[in-house]
Structure formats: structure tokens, C-alpha cells
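Student: Okay, handing you the structure first.
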Amino acid sequence: MSVERPNAVLSGPSRNRGRGFTLVEMAMAAAALGLIAAIAVPSYGRVLERQRINQCAMDLRHLALRIDHYRTQQGSIPNSLADLGPPLPKDPWGQEYQFLNFDSAKAGEIRKDHNLHPLNSEFDLYSLGKDGSSVPPLTGKPSRDDVIWARDGGFVGLAADY
């Protein structure tokens, strides 16, 4: 027959078994979460940037339709986007969309591709992109992130992809 002690106090390492995490387990969990965050955050940023570019491309197409409607009504393209009337959207980075009527353009203002051919035949329409700056040739670093309306609407997208 065995003697049981109901009020016995446990002592030593067996007392805390199953009651929590060790410091090593918590450090491993933190490292795993850090690794997941290091992968997920940049991926999420790229998805958001792609959505901004797509929104910008849709805005450019819509503005081009408004310019065409203006041409139908007035007989010529506008001198500025302000001639289209409100509302004028801003690009997803908070900048004004850029417009240049070639009839009023000065030398060197017309945007050109890598072969130095104008992107369009009558006007330029584009966003300055994420960095908010641009230069007329698309090969310039400030222009690589611009979202452009080119080939008279045959291409709308990131200048780096043109």
C-alpha cells in the first residue's frame, strides 16, 4: 500500500512544466515573426505601388478622353488641363498631372523615347511618378518612374516599361 500526500508541495524544475514559454522559445518565435515581416512588408509595398501605377494609368486614359471631348467641342486641343474644367484629379502621389500642347511647346520640352522620337503627335500627358520629378528624355533617371500616355494612347504605363 502506498502513502499519498495530498498537500505535497512540488519543488524543482518539474513545478513549471507546461505553464509558459522559455526565453529560448520566445526568442525563436520573435525571430520567426521578424523573418515573416521582412518578407511581407516589402512585398506589400510593391503591391501598393503597382496599384498606384494602375490608378494613374486609368486617370491618364480618362484625361485623354476629356481632351478628345474638348477637341470635339472646341475644334482644338486645350492649352492646359485647367481648360477641361473641374474636377481635375491629382495623381496617386498627390501631384498634378502634366500636360503639354505641342502647338505651344518650346524647344526641348517635348518628351522623347530612347531613339529621340516624340512620344505622341499632338500633346504629352503624364504623371511625375513617385519621385515627383521628370526630364524630357525617358532615359533620364528622374523619368523612369513616370507614368506616361504614349503613342497617342497606344501605351499607357510606367516609363521604364516603354
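Residue numbering restarts at 1 in every chain; chains get A, B, ... in the order shown in the C-alpha cells, and ligands count up from 1 in that same order.
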Contacts of range 106-117 of chain A at 6 Å or less, counting only C-alpha atoms, minus same-chain residues fewer than 2 places along, as a ChimeraX atom specification?

Tutor: /A:119,136-138

Student: Can you check which residues of chain A DSSP gives as strand (DSSP E) on the backbone and send them as a list in words?

Tutor: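 Everything in chain A that counts as strand (DSSP E) is Gln98, Phe99, Leu100, Asn101, Phe123, Asp124, Leu125, Tyr126, Ser127, Val147, Ile148, Trp149, Ala150, Phe155, Val156, Gly157 and Leu158 of chain A.
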
Student: Mind listing the helix (DSSP H, G or I) residues of range 23-116 of chain A, per DSSP on the backbone, as a PyMOL selection string?

Tutor: chain A and resi 23-74+81-84+102-104

Student: What gap, in Å, lies between CA of Gly157 in chain A and CA of Ser43 in chain A?

Tutor: 20.4 Å

Student: Which residues are close to range 141-144 of chain A, i.e. within 10 Å by only C-alpha atoms, leaving aside same-chain residues fewer than 4 positions away? Reply as JSON, numbers by chain.

Tutor: {"A": [111, 127, 128, 129, 130, 131, 132, 133, 134, 135, 136, 137, 148, 158, 159, 160, 161, 162]}

Student: Give me, as a ChimeraX atom specification, all polymer residues having an atom no more than 8 Å from Ala150 in chain A, counting only C-alpha atoms and skipping those fewer than 4 positions away in the same chain.

Tutor: /A:119-120,124-125,154-156

Student: Closest to Ala64 in chain A among A:Thr22, A:Ile36, A:Tyr97, A:Arg50, using only C-alpha atoms?

Tutor: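 Counting only C-alpha atoms, the residue closest to Ala64 in chain A is A:Tyr97.
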
Student: Can you tell me which residues surround Asp68 in chain A at a distance of at most 12 Å, considering only C-alpha atoms, apart from same-chain residues fewer than 4 positions away, and format the answer as a PyMOL selection string?

Tutor: chain A and resi 61-64+72-78+81+84+122-123+152-153

Student: Could you tell me how far CA of Asn54 in chain A sits from CA of Ser80 in chain A, in Å to one decimal place?

Tutor: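 Atom-to-atom, CA of Ser80 in chain A and CA of Asn54 in chain A are spaced 23.5 Å apart.
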
Student: Any idea what the distance is between CA of Leu60 in chain A and CA of Trp149 in chain A?

Tutor: 6.6 Å
